[in-house]
Protein chains: 2
Amino acid sequence: MDRHRTEKDDEASGQGRPTLKTLAFMTGLGVTTVSRALKDAPEIGAETRRRVQLVARQIGYRPNRAGVRLRTGKTNVISLVLNTEHEIMSFVSDIIYGVSEVIADTPYHLIVTPYSRSQDPLDPIRYLVETGSADGVIISRTQPNDPRARYMLERGIPFATHGRTDMGLIHPYHDFDNYAFATEAVRHLAGIGRRRLALLAPPVELTYHRHALNGFTDALSEVGASEIPFNTVSIDHSIEQIRMRTAQLMRRDVRPDGFVSSAAAATLAIVAGIEDAGLKLGRDVDVVSKQSSDLLHLFRRELLVVNEDFRLAGAELARSVLGWIGGAGPGSLQSLSVPTDVLAYRRPD
Amino acid sequence: MDRHRTEKDDEASGQGRPTLKTLAFMTGLGVTTVSRALKDAPEIGAETRRRVQLVARQIGYRPNRAGVRLRTGKTNVISLVLNTEHEIMSFVSDIIYGVSEVIADTPYHLIVTPYSRSQDPLDPIRYLVETGSADGVIISRTQPNDPRARYMLERGIPFATHGRTDMGLIHPYHDFDNYAFATEAVRHLAGIGRRRLALLAPPVELTYHRHALNGFTDALSEVGASEIPFNTVSIDHSIEQIRMRTAQLMRRDVRPDGFVSSAAAATLAIVAGIEDAGLKLGRDVDVVSKQSSDLLHLFRRELLVVNEDFRLAGAELARSVLGWIGGAGPGSLQSLSVPTDVLAYRRPD
DNA sequence: GTGACAATCTGTAACGTTTCAATGTATAGG
DNA sequence: CCTATACATTGAAACGTTACAGATTGTCAC
């Protein structure tokens with residue numbers, strides 16, 4: 001009764017997911033032929049090919065990922081590597097959605113590989129590469145001299161970075177033009193009469209700190225305004241810290257009459273700090289801020305905003321990785337997203 | 001020269017990732033023994049076991065996922081199924097981080113499976129189940145009669161829902177107690193003298209719409225306040241729509257003097273609408289809002305907030321799915337998160 | 001009619017793992 | 001001394017796929 005079922009070639013094969021064997025049985029062909037027919041190999045007769053593909057579609061055949069992966073080493077996986085503590089909130093979901101959009105009609109799956117502040121950022125990358133868990137990787141918080149990018153270049157695994165590196169090595173990236181953002185912001189502030197400007201920059205270790213800073217200082221000298229140093233905090237600091245430092249700064253004799261802020265959440269803190277010091281936004285001081293969703297104008301109408309589209313970034317990053325996997329040259333997979341103009345509040349219609 | 005390499009048993013095996021074969025060769029044992037030794041099977045000698053495990057650790061052996069998956073059907077994957085359009089922003093990242101935290105020291109990977117508004121929400125679930133792509137699934141936007149939960153229960157695939165169902169079927173879930181939130185919110189508003197309250201509820205199709213609504217109305221009659229209907233919009237509507245409707249409502253003769261808002265982003269819109277109508281928060285009207293990160297008080301100090309911890313939700317959901325996969329009873333894997341008190345603004349120290 | 005050649009199709013092996021059914025080796029009981 | 005019994009270890013097969021080397025046709029030139 002409990003003899004183990006031995007029907008060697010399970011001709012019935014009505015049970016479970018269809019496999020190549022199922023298709024082979026149904027079409028009366030060999031497994032190899034079916035496999036090749038499905039991928040349009042040239043040595044398969046045109047009619048056979050059509051027949052196989054028809055049957056496959058009818059019964060809803062889907063290649064078994066484990067089978068493919070074991071045989072070929074191809075995982076059909078893109079890994080998005082994220083820092084669990086730093087990444088700004090809406091950022092993450094938008095990037096994910098952007099990536100999803102692009103890989104939706106490919107066989108790729110998106111896996112999220114997190115790492116915490118305490119860890120070496122290289123750890124998750126090493127894991128992915130050593131275990132061969134992904135065909136391509138997307139990283140953020142890119143540094144000028146980024147060990148992760150270097151490591152993956154050495155190992156020859158396709159990846160794309162959110163933000164640029166500066167190591168003289170070529171790899172795909174997508175970046176927001178933070179230099180342009182900062183210059184435009186400064187010009188705008190100068191245009192409305194602001195003369196003493198402060199920059200809330202990204203943390204120094206990230207590449208775009210320099211971009212923002214260079215844009216800021218270049219534009220300062222262009223318009224003849226002066227900088228009020230504000231580099232004891234970055235957008236990575238807590239809301240409370242930024243708020244406190246801003247308030248301190250605003251209580252000084254020589255205080256800024258304009259801010260450039262590299263992140264929306266930080267802007268909330270800046271404004272709070274300004275108001276803590278008893279000053280008023282739009283009268284005593286103006287703030288230009290990046291934002292990734294259209295919320296800052298609800299917060300304070302006086303804010304000046306520039307939009308950064310993270311969903312687009314996600315999509316571009318995914319396209320880049322897929323492109324590299326597909327054999328395109330890494331140098332041709334780099335893109336820079338141009339900031340919108342500085343936008344003042346507009347009453348909704 | 002280009003003869004294909006035939007060294008059948010690659011005794012050298014110094015190349016590439018170590019496999020069971022590598023370990024077998026190094027220890028002089030059979031592949032089977034090694035496999036069993038690594039998983040502490042009882043019929044393996046104690047010393048052999050130690051020896052194998054030592055060597056495995058030394059050379060950094062990691063089981064090949066594709067091999068395991070092909071042989072056993074176990075994917076070691078948890079899938080988080082997300083709606084690409086509706087999910088509120090910070091929501092997603094926090095959930096992901098919560099899940100990550102829990103699966104960090106398990107062999108599980110997290111894959112994100114998105115679906116768009118246009119799609120049948122059942123589509124991604126069907127895909128996952130049919131292709132056997134995950135050992136467990138997490139879904140959100142749970143409905144009272146949820147086809148996805150029903151489907152997965154039928155197929156016997158472990159899952160957990162963010163939010164409860166109401167079909168008389170038992171499955172793991174994590175939920176925020178929105179009934180308690182709404183009652184507390186109403187009580188608080190009543191406590192500061194508010195008498196005509198409006199509720200900005202979740203969309204009707206989601207289970208927690210009822211929870212919030214019931215809590216709201218129950219507490220209304222308890223405190224003897226009255227409801228100003230505000231059900232032409234839900235938190236799923238756009239910022240602009242909520243803002244407009246709020247403004248309309250606030251211009252009526254009989255207008256609310258208190259709001260209960262089920263989402264932070266929506267609250268920004270409500271406040272904007274209130275101010276569009278020329279009224280002042282804290283004087284003409286008070287608003288109690290849920291929030292998932294501590295930003296609303298920066299927005300307007302007069303806001304009253306209740307915190308919902310999505311990271312916790314993610315962690316609980318992950319624990320539930322893993323528990324079910326591990327054989328625990330689905331009924332024992334349900335949890336409800338109790339709201340904080342209603343919090344007024346407190347000046348930072 | 002024979003050989004050459006192209007056009008199609010097919011069996012075998014392998015990827016790394018686990019399960020099944022043995023195999024071998026001591027130990028103890030008779 | 002033989003046999004039962006437990007213990008430790010093992011090879012073979014299978015999961016679904018693809019690469020490789022053949023195998024089977026039919027066609028055509030001579």
# chains A, B, ... in the order shown; residues from 1 in each chain; ligands from 1

call {"tool": "interface_residues", "arguments": {"of": "chain B", "to": "chain C", "cutoff": "7 Å", "atoms": "only C-alpha atoms (C1' of nucleotides)", "output": "list of chain:residue names"}}
result
B:Thr19, B:Asn64, B:Gly67, B:Val68, B:Arg71

call {"tool": "select_by_dssp", "arguments": {"residues": "stretch 190-317 of chain A", "states": "helix (DSSP H, G or I)", "output": "ChimeraX atom specification"}}
result
/A:190-191,207-223,239-250,264-276,296-299,310-317

call {"tool": "closest_atom_pairs", "arguments": {"of": "chain D", "to": "chain A", "cutoff": "9 Å", "atoms": "only C-alpha atoms (C1' of nucleotides)", "output": "tab-separated table"}}
result
residue	atom	partner	partner_atom	distance
D:DC15	C1'	A:Gly67	CA	8.0
D:DG16	C1'	A:Gly67	CA	4.5
D:DT17	C1'	A:Gly67	CA	4.7
D:DT18	C1'	A:Arg71	CA	6.5

call {"tool": "interface_residues", "arguments": {"of": "chain A", "to": "chain B", "cutoff": "8 Å", "atoms": "only C-alpha atoms", "output": "ChimeraX atom specification"}}
result
/A:17,62,64,66-67,69-70,84,89-90,92-94,97,100,109-114,130-131,240,268-269,272,295,298-299,348

call {"tool": "write_last_selection", "arguments": {"atoms": "C-alpha atoms", "output": "CSV table (one decimal), in the first residue's frame"}}
result
chain,number,residue,atom,x,y,z
A,17,ARG,CA,3.1,22.8,-12.4
A,62,ARG,CA,6.5,29.0,-16.5
A,64,ASN,CA,11.2,26.9,-12.9
A,66,ALA,CA,15.5,27.2,-9.4
A,67,GLY,CA,16.1,24.9,-12.3
A,69,ARG,CA,19.4,29.2,-11.7
A,70,LEU,CA,21.0,26.0,-10.8
A,84,THR,CA,18.1,50.7,7.4
A,89,MET,CA,11.6,57.8,4.2
A,90,SER,CA,9.6,58.4,1.1
A,92,VAL,CA,12.8,54.3,-0.3
A,93,SER,CA,9.2,53.6,-1.5
A,94,ASP,CA,9.6,55.7,-4.5
A,97,TYR,CA,8.3,51.6,-7.2
A,100,SER,CA,9.4,47.7,-10.0
A,109,HIS,CA,12.5,39.8,-9.2
A,110,LEU,CA,13.5,42.6,-6.8
A,111,ILE,CA,15.0,41.6,-3.5
A,112,VAL,CA,15.7,44.1,-0.8
A,113,THR,CA,19.0,43.6,1.0
A,114,PRO,CA,19.2,45.8,4.1
A,130,GLU,CA,29.9,35.4,-2.7
A,131,THR,CA,26.6,33.6,-2.7
A,240,GLU,CA,16.0,67.8,16.8
A,268,LEU,CA,10.9,71.1,8.5
A,269,ALA,CA,13.6,71.2,11.1
A,272,ALA,CA,11.1,75.1,13.2
A,295,LEU,CA,4.2,68.5,0.7
A,298,LEU,CA,1.3,72.7,2.6
A,299,PHE,CA,3.8,73.1,5.4
A,348,PRO,CA,-4.5,75.6,-6.3

call {"tool": "atom_distance", "arguments": {"atom1": "atom CA of A:Glu308", "atom2": "atom CA of A:Arg194"}}
result
23.8 Å
